[in-house]
$ cat entry-v2.cif   # mmCIF, C-alpha atoms
data_coords
loop_
_atom_site.label_atom_id
_atom_site.label_comp_id
_atom_site.auth_asym_id
_atom_site.auth_seq_id
_atom_site.Cartn_x
_atom_site.Cartn_y
_atom_site.Cartn_z
CA MET N 8 100.32 93.96 90.96
CA LYS N 9 100.40 95.29 94.48
CA LEU N 10 98.27 93.63 97.15
CA LEU N 11 97.48 94.96 100.61
CA LEU N 12 95.85 92.12 102.52
CA ILE N 13 93.89 92.72 105.71
CA HIS N 14 92.08 90.26 107.94
CA ALA N 15 89.06 92.32 108.91
CA GLU N 16 86.55 91.98 111.69
CA ARG N 17 84.20 94.00 109.51
CA PHE N 18 84.33 95.57 106.07
CA TRP N 19 81.69 97.71 104.41
CA TRP N 20 81.68 99.72 101.20
CA ARG N 21 79.18 101.97 99.45
CA ILE N 22 79.32 103.59 96.04
CA ARG N 23 79.52 107.38 96.09
CA GLU N 24 79.84 108.21 92.37
CA PRO N 25 81.47 107.00 89.14
CA ALA N 26 85.17 107.83 88.93
CA ARG N 27 85.94 110.62 86.47
CA GLY N 28 87.60 110.03 83.13
CA LEU N 29 87.06 106.27 83.12
CA ARG N 30 85.29 104.53 80.28
CA THR N 31 85.81 101.07 81.77
CA ARG N 32 83.77 100.28 84.83
CA ASP N 33 81.59 97.59 86.34
CA GLU N 34 77.82 97.73 86.20
CA PRO N 35 77.35 96.95 89.88
CA GLU N 36 74.44 94.88 91.10
CA ALA N 37 74.55 96.41 94.57
CA GLU N 38 75.24 99.92 95.83
CA GLU N 39 76.85 98.63 99.00
CA ALA N 40 77.92 95.45 100.77
CA GLU N 41 79.03 94.43 104.24
CA TYR N 42 81.18 91.55 105.45
CA ALA N 43 82.24 90.07 108.78
CA ASP N 44 85.45 88.08 109.36
CA VAL N 45 86.80 88.52 105.86
CA VAL N 46 90.10 88.98 104.04
CA VAL N 47 90.08 92.33 102.25
CA ALA N 48 92.46 92.28 99.29
CA PHE N 49 93.19 95.84 98.17
CA ALA N 50 94.47 95.15 94.66
CA CYS N 51 96.36 97.48 92.33
CA VAL N 52 97.05 96.19 88.79
CA GLU N 53 100.20 97.77 87.33
CA GLU N 54 101.30 98.62 83.82
CA GLY N 55 103.92 95.88 83.73
CA ASP N 56 101.30 93.21 84.44
CA ALA N 57 99.62 93.34 81.03
CA GLY N 58 102.25 91.28 79.23
CA SER N 59 101.97 88.31 81.60
CA LEU N 60 98.51 88.77 82.99
CA ASP N 61 97.66 85.12 83.57
CA GLU N 62 100.89 84.47 85.44
CA VAL N 63 100.50 87.59 87.59
CA VAL N 64 96.88 86.68 88.35
CA GLY N 65 97.88 83.14 89.30
CA ARG N 66 100.62 84.35 91.63
CA ALA N 67 98.29 86.90 93.18
CA ALA N 68 95.67 84.20 93.77
CA ASP N 69 98.31 81.98 95.40
CA ALA N 70 99.43 84.83 97.67
CA ILE N 71 95.87 85.68 98.73
CA ALA N 72 94.99 82.00 99.29
CA GLU N 73 98.11 81.51 101.43
CA PHE N 74 97.24 84.58 103.52
CA ALA N 75 93.62 83.45 103.92
CA SER N 76 94.76 80.00 105.00
CA ARG N 77 97.20 81.45 107.52
CA VAL N 78 94.50 83.55 109.19
CA GLY N 79 91.91 80.78 108.95
CA CYS N 80 89.41 82.64 106.78
CA ARG N 81 87.73 81.36 103.60
CA GLU N 82 86.07 84.56 102.38
CA VAL N 83 87.84 87.23 100.34
CA VAL N 84 86.70 90.62 99.04
CA LEU N 85 88.71 91.98 96.13
CA TYR N 86 88.76 95.76 96.40
CA PRO N 87 90.20 97.62 93.37
CA TYR N 88 92.69 100.09 94.77
CA ALA N 89 94.66 102.48 92.60
CA HIS N 90 96.45 103.97 95.62
CA LEU N 91 99.22 101.41 96.04
CA SER N 92 101.36 102.27 93.01
CA THR N 93 102.26 105.16 90.74
CA ARG N 94 102.37 102.97 87.61
CA LEU N 95 98.82 101.81 86.96
CA ALA N 96 97.64 99.44 84.26
CA LYS N 97 95.03 100.68 81.81
CA PRO N 98 91.58 100.41 83.38
CA SER N 99 90.49 97.84 80.79
CA VAL N 100 93.44 95.59 81.72
CA ALA N 101 92.85 96.11 85.44
CA LEU N 102 89.22 95.08 85.20
CA VAL N 103 90.06 91.91 83.25
CA ALA N 104 92.75 91.04 85.81
CA LEU N 105 90.40 91.52 88.75
CA LYS N 106 87.71 89.34 87.15
CA ARG N 107 90.25 86.59 86.47
CA LEU N 108 91.62 86.92 89.99
CA GLN N 109 88.15 86.44 91.45
CA ALA N 110 87.70 83.27 89.36
CA ALA N 111 91.17 82.02 90.35
CA LEU N 112 90.34 82.46 94.03
CA GLU N 113 87.12 80.50 93.59
CA THR N 114 89.11 77.75 91.86
CA ARG N 115 91.26 77.60 94.98
CA GLY N 116 88.18 76.96 97.12
CA LEU N 117 87.68 80.47 98.49
CA VAL N 118 84.45 82.46 98.58
CA ALA N 119 85.46 85.50 96.56
CA SER N 120 83.55 88.66 95.74
CA ARG N 121 84.60 91.85 94.03
CA SER N 122 83.65 95.41 94.84
CA PRO N 123 82.83 97.53 91.78
CA PHE N 124 85.65 98.91 89.66
CA GLY N 125 85.44 102.50 88.44
CA TYR N 126 83.67 104.24 91.31
CA TYR N 127 84.55 106.47 94.22
CA LYS N 128 83.54 104.46 97.26
CA GLU N 129 83.17 105.11 100.93
CA PHE N 130 84.35 102.26 103.12
CA MET N 131 84.65 101.16 106.72
CA LEU N 132 87.44 98.78 107.63
CA HIS N 133 88.03 97.20 111.01
CA CYS N 134 91.43 95.50 110.95
CA LYS N 135 91.71 92.79 113.58
CA GLY N 136 95.28 93.75 114.43
CA HIS N 137 96.63 90.33 115.37
CA PRO N 138 100.24 89.69 114.24
CA LEU N 139 99.19 88.04 110.97
CA SER N 140 96.33 90.35 110.11
CA GLU N 141 98.15 92.59 107.60
CA ALA N 142 100.48 91.83 104.71
CA PHE N 143 101.82 93.48 101.56
CA ARG N 144 102.71 91.55 98.40
CA ASP N 145 104.46 92.86 95.30
CA ILE N 146 103.51 90.39 92.56
CA SER N 147 105.25 90.19 89.21
CA ALA N 148 105.75 87.61 86.51
CA SER N 149 108.90 85.49 86.74
CA THR N 150 109.82 86.58 83.21
CA SER N 151 109.30 90.31 83.77
CA MET H 280 108.84 106.78 101.66
CA LYS H 281 105.42 105.61 100.63
CA LEU H 282 102.36 107.48 101.84
CA LEU H 283 98.75 106.34 101.66
CA LEU H 284 96.62 109.35 102.57
CA ILE H 285 92.98 108.98 103.56
CA HIS H 286 90.46 111.63 104.55
CA ALA H 287 88.57 109.77 107.25
CA GLU H 288 85.21 110.37 108.85
CA ARG H 289 86.52 108.39 111.80
CA PHE H 290 89.77 106.67 112.73
CA TRP H 291 90.48 104.62 115.82
CA TRP H 292 93.44 102.49 116.82
CA ARG H 293 94.28 100.31 119.81
CA ILE H 294 97.52 98.54 120.72
CA ARG H 295 97.30 94.76 120.66
CA GLU H 296 100.91 93.76 121.44
CA PRO H 297 104.55 94.72 120.77
CA ALA H 298 105.75 93.68 117.32
CA ARG H 299 108.16 90.76 117.40
CA GLY H 300 111.87 91.12 116.73
CA LEU H 301 111.93 94.92 117.09
CA ARG H 302 114.25 96.62 119.53
CA THR H 303 113.16 100.10 118.47
CA ARG H 304 109.70 101.13 119.51
CA ASP H 305 107.78 103.99 121.08
CA GLU H 306 106.82 104.08 124.73
CA PRO H 307 103.22 105.03 124.12
CA GLU H 308 101.35 107.32 126.47
CA ALA H 309 97.97 105.91 125.42
CA GLU H 310 96.76 102.42 124.54
CA GLU H 311 94.24 103.75 122.04
CA ALA H 312 93.04 106.94 120.38
CA GLU H 313 90.09 108.03 118.28
CA TYR H 314 89.70 110.85 115.77
CA ALA H 315 86.88 112.39 113.72
CA ASP H 316 87.34 114.23 110.41
CA VAL H 317 91.05 113.57 110.14
CA VAL H 318 93.70 112.87 107.52
CA VAL H 319 95.24 109.44 108.18
CA ALA H 320 98.74 109.23 106.73
CA PHE H 321 99.82 105.60 106.51
CA ALA H 322 103.59 106.07 106.25
CA CYS H 323 106.24 103.55 105.21
CA VAL H 324 109.87 104.66 105.50
CA GLU H 325 112.08 102.85 102.97
CA GLU H 326 115.70 101.79 102.97
CA GLY H 327 116.69 104.38 100.36
CA ASP H 328 115.41 107.21 102.55
CA ALA H 329 118.18 107.03 105.14
CA GLY H 330 120.77 108.88 103.04
CA SER H 331 118.59 111.97 102.52
CA LEU H 332 116.25 111.73 105.45
CA ASP H 333 115.64 115.44 105.96
CA GLU H 334 114.82 115.99 102.31
CA VAL H 335 112.47 113.00 102.20
CA VAL H 336 110.77 114.13 105.41
CA GLY H 337 110.34 117.66 104.04
CA ARG H 338 108.83 116.40 100.80
CA ALA H 339 106.53 114.04 102.68
CA ALA H 340 105.37 116.89 104.91
CA ASP H 341 104.69 119.03 101.83
CA ALA H 342 102.66 116.21 100.24
CA ILE H 343 100.60 115.62 103.36
CA ALA H 344 100.02 119.35 103.90
CA GLU H 345 98.90 119.75 100.29
CA PHE H 346 96.48 116.83 100.64
CA ALA H 347 95.12 118.17 103.95
CA SER H 348 94.60 121.59 102.40
CA ARG H 349 92.78 120.11 99.42
CA VAL H 350 90.31 118.24 101.61
CA GLY H 351 89.97 121.14 104.05
CA CYS H 352 91.22 119.33 107.14
CA ARG H 353 93.86 120.56 109.60
CA GLU H 354 94.38 117.41 111.67
CA VAL H 355 96.70 114.56 110.66
CA VAL H 356 97.44 111.19 112.26
CA LEU H 357 100.73 109.60 111.23
CA TYR H 358 100.27 105.85 111.26
CA PRO H 359 103.48 103.79 110.81
CA TYR H 360 102.70 101.25 108.12
CA ALA H 361 105.21 98.66 106.95
CA HIS H 362 102.73 97.20 104.44
CA LEU H 363 103.26 99.63 101.56
CA SER H 364 106.72 98.53 100.42
CA THR H 365 108.98 95.50 100.33
CA ARG H 366 112.14 97.56 101.04
CA LEU H 367 111.82 98.88 104.56
CA ALA H 368 114.19 101.20 106.37
CA LYS H 369 115.74 99.99 109.60
CA PRO H 370 113.28 100.52 112.46
CA SER H 371 115.60 103.03 114.14
CA VAL H 372 115.66 105.15 110.96
CA ALA H 373 111.90 104.81 110.47
CA LEU H 374 111.15 106.05 113.98
CA VAL H 375 113.43 109.07 113.60
CA ALA H 376 111.79 109.90 110.26
CA LEU H 377 108.28 109.68 111.71
CA LYS H 378 109.17 111.93 114.64
CA ARG H 379 110.70 114.51 112.29
CA LEU H 380 107.68 114.24 110.00
CA GLN H 381 105.34 114.97 112.88
CA ALA H 382 107.39 118.06 113.77
CA ALA H 383 107.50 119.17 110.12
CA LEU H 384 103.70 118.93 109.87
CA GLU H 385 103.32 121.05 113.00
CA THR H 386 105.71 123.61 111.49
CA ARG H 387 103.32 123.76 108.52
CA GLY H 388 100.43 124.66 110.83
CA LEU H 389 98.79 121.24 111.07
CA VAL H 390 97.69 119.45 114.22
CA ALA H 391 99.73 116.27 113.95
CA SER H 392 99.81 113.19 116.15
CA ARG H 393 101.57 109.88 115.76
CA SER H 394 100.32 106.40 116.58
CA PRO H 395 102.91 104.21 118.31
CA PHE H 396 105.68 102.60 116.27
CA GLY H 397 106.59 98.98 116.98
CA TYR H 398 103.23 97.46 117.93
CA TYR H 399 100.58 95.31 116.34
CA LYS H 400 97.52 97.49 116.37
CA GLU H 401 93.84 97.01 115.70
CA PHE H 402 92.24 99.89 113.82
CA MET H 403 88.95 101.11 112.46
CA LEU H 404 88.99 103.38 109.43
CA HIS H 405 85.99 105.06 107.85
CA CYS H 406 87.11 106.56 104.55
CA LYS H 407 84.83 109.37 103.41
CA GLY H 408 84.97 108.24 99.79
CA HIS H 409 84.64 111.62 98.07
CA PRO H 410 86.77 112.01 94.91
CA LEU H 411 89.70 113.59 96.78
CA SER H 412 89.59 111.39 99.87
CA GLU H 413 92.39 108.95 98.93
CA ALA H 414 95.85 109.47 97.50
CA PHE H 415 99.15 107.63 97.17
CA ARG H 416 102.54 109.37 97.16
CA ASP H 417 105.93 107.85 96.42
CA ILE H 418 108.43 110.25 98.00
CA SER H 419 112.13 110.21 97.30
CA ALA H 420 115.01 112.66 97.47
CA SER H 421 115.79 114.60 94.30
CA THR H 422 119.34 113.34 94.47
CA SER H 423 118.49 109.66 94.96
#

$ encode --input "entry-v2.cif" --output "structure tokens"
Amino acid sequence: MKLLLIHAERFWWRIREPARGLRTRDEPEAEEAEYADVVVAFACVEEGDAGSLDEVVGRAADAIAEFASRVGCREVVLYPYAHLSTRLAKPSVALVALKRLQAALETRGLVASRSPFGYYKEFMLHCKGHPLSEAFRDISASTS
Amino acid sequence: MKLLLIHAERFWWRIREPARGLRTRDEPEAEEAEYADVVVAFACVEEGDAGSLDEVVGRAADAIAEFASRVGCREVVLYPYAHLSTRLAKPSVALVALKRLQAALETRGLVASRSPFGYYKEFMLHCKGHPLSEAFRDISASTS
């Protein structure tokens, strides 16, 4: 799993349309959402993650929680993002991973939400730009 | 080289401070810049690129030009972005690559600018969100 983590002054997304060729998608409750002072976790589940999904999810949650702690922010938005890798997991696996990751973040005391999987979305991101405000993590299982 | 390409409604950046521990950086002419209807190319030069830099730069320019053509946009901002890979090129190599990439884009008829290398920067990105508005490219030399 690849993670691009950004401490944002503001983050907003809005659904444009369902992504083509996908049978697995969320049934979103909202068409858009906006956040202030939030950690945006652009998350890309990869094909190698399926065999050790719980371990990868746990490590990803640890990495996000550590980042959030470092920037002093308790709220996280998980944003499904296929554009961080060329080796994507099946959509069904990715969606399960993202749901588990949200739960794992909540277990770690964070306020975690998830933007809908399976849609083309418009977004507005204001990255704070302080020295700790951006990070990249390449997460894999210890056994992989 | 990793490229995250985004067709943006608006993109703005502003320098916050020089990045720590870097001896190679641009001497920027401007502290900030703003663009409308632009392709933002988040570019991460990797350690394996140094041996075939011209080939990697040429392939990256082709990929960006193809993306720009597909979304019908002639203006590109190259944004140095270390947060797309865990295996970064030396800063001196990265800066040379980005300068050559800017020139290669101009050779291909695009209006290309470069945001300063070697600084922590705040940015605001409004991704259009249409089906073609985001892409990821993993560029390497054919011989690598």

$ axis_aligned_box --input "entry-v2.cif" --around "region 309-316 of chain H" --padding-each-side "6 Å" --output "lines of an AutoDock Vina configuration file"
center_x = 92.4
center_y = 108.3
center_z = 117.9
size_x = 23.1
size_y = 23.8
size_z = 27.0

$ residues_around --input "entry-v2.cif" --residues "Arg299 (chain H)" --least-positions-apart "2" --cutoff "9 Å" --atoms "all atoms listed in the file" --output "ChimeraX atom specification"
/N:138 /H:296-297,301-302,397-399

$ atom_distance --input "entry-v2.cif" --atom1 "CA of Ser120 (chain N)" --atom2 "CA of Ser149 (chain N)"
27.1 Å

$ residues_near_point --input "entry-v2.cif" --point "(96.6, 97.6, 84.9)" --cutoff "10 Å" --atoms "all atoms listed in the file" --output "VMD selection string"
chain N and resid 8 51 to 57 60 89 94 to 105

$ atom_distance --input "entry-v2.cif" --atom1 "CA of Glu354 (chain H)" --atom2 "CA of Ser92 (chain N)"
25.0 Å

$ residues_around --input "entry-v2.cif" --residues "Val350 (chain H)" --least-positions-apart "2" --cutoff "12 Å" --atoms "all atoms listed in the file" --output "list in words"
Leu284, Ile285, His286, Ala287, Glu288, Asp316, Val317, Val318, Ile343, Ala344, Glu345, Phe346, Ala347, Ser348, Cys352, Arg353, Glu354, Val355, Lys407, Gly408, His409, Pro410, Leu411, Ser412, Glu413 and Ala414 of chain H

$ closest_residue --input "entry-v2.cif" --among "H:Lys281, H:Lys400, H:Arg289, H:Arg304" --to "Val336 (chain H)" --atoms "all atoms listed in the file"
H:Lys281

$ closest_residue --input "entry-v2.cif" --among "N:Leu108, N:His90, N:Ile146, N:Glu34" --to "chain H" --atoms "only C-alpha atoms"
N:His90

$ closest_residue --input "entry-v2.cif" --among "N:Pro123, N:Trp19, N:Val84, N:Arg66" --to "Ala37 (chain N)" --atoms "all atoms listed in the file"
N:Pro123

$ atom_distance --input "entry-v2.cif" --atom1 "CA of His405 (chain H)" --atom2 "CA of Leu389 (chain H)"
20.9 Å

$ residues_around --input "entry-v2.cif" --residues "Ala68 (chain N)" --least-positions-apart "6" --cutoff "9 Å" --atoms "all atoms listed in the file" --output "count of residues only"
5

$ closest_residue --input "entry-v2.cif" --among "H:Ile294, H:Leu283, H:Leu357, H:Ala382" --to "Phe402 (chain H)" --atoms "only C-alpha atoms"
H:Ile294
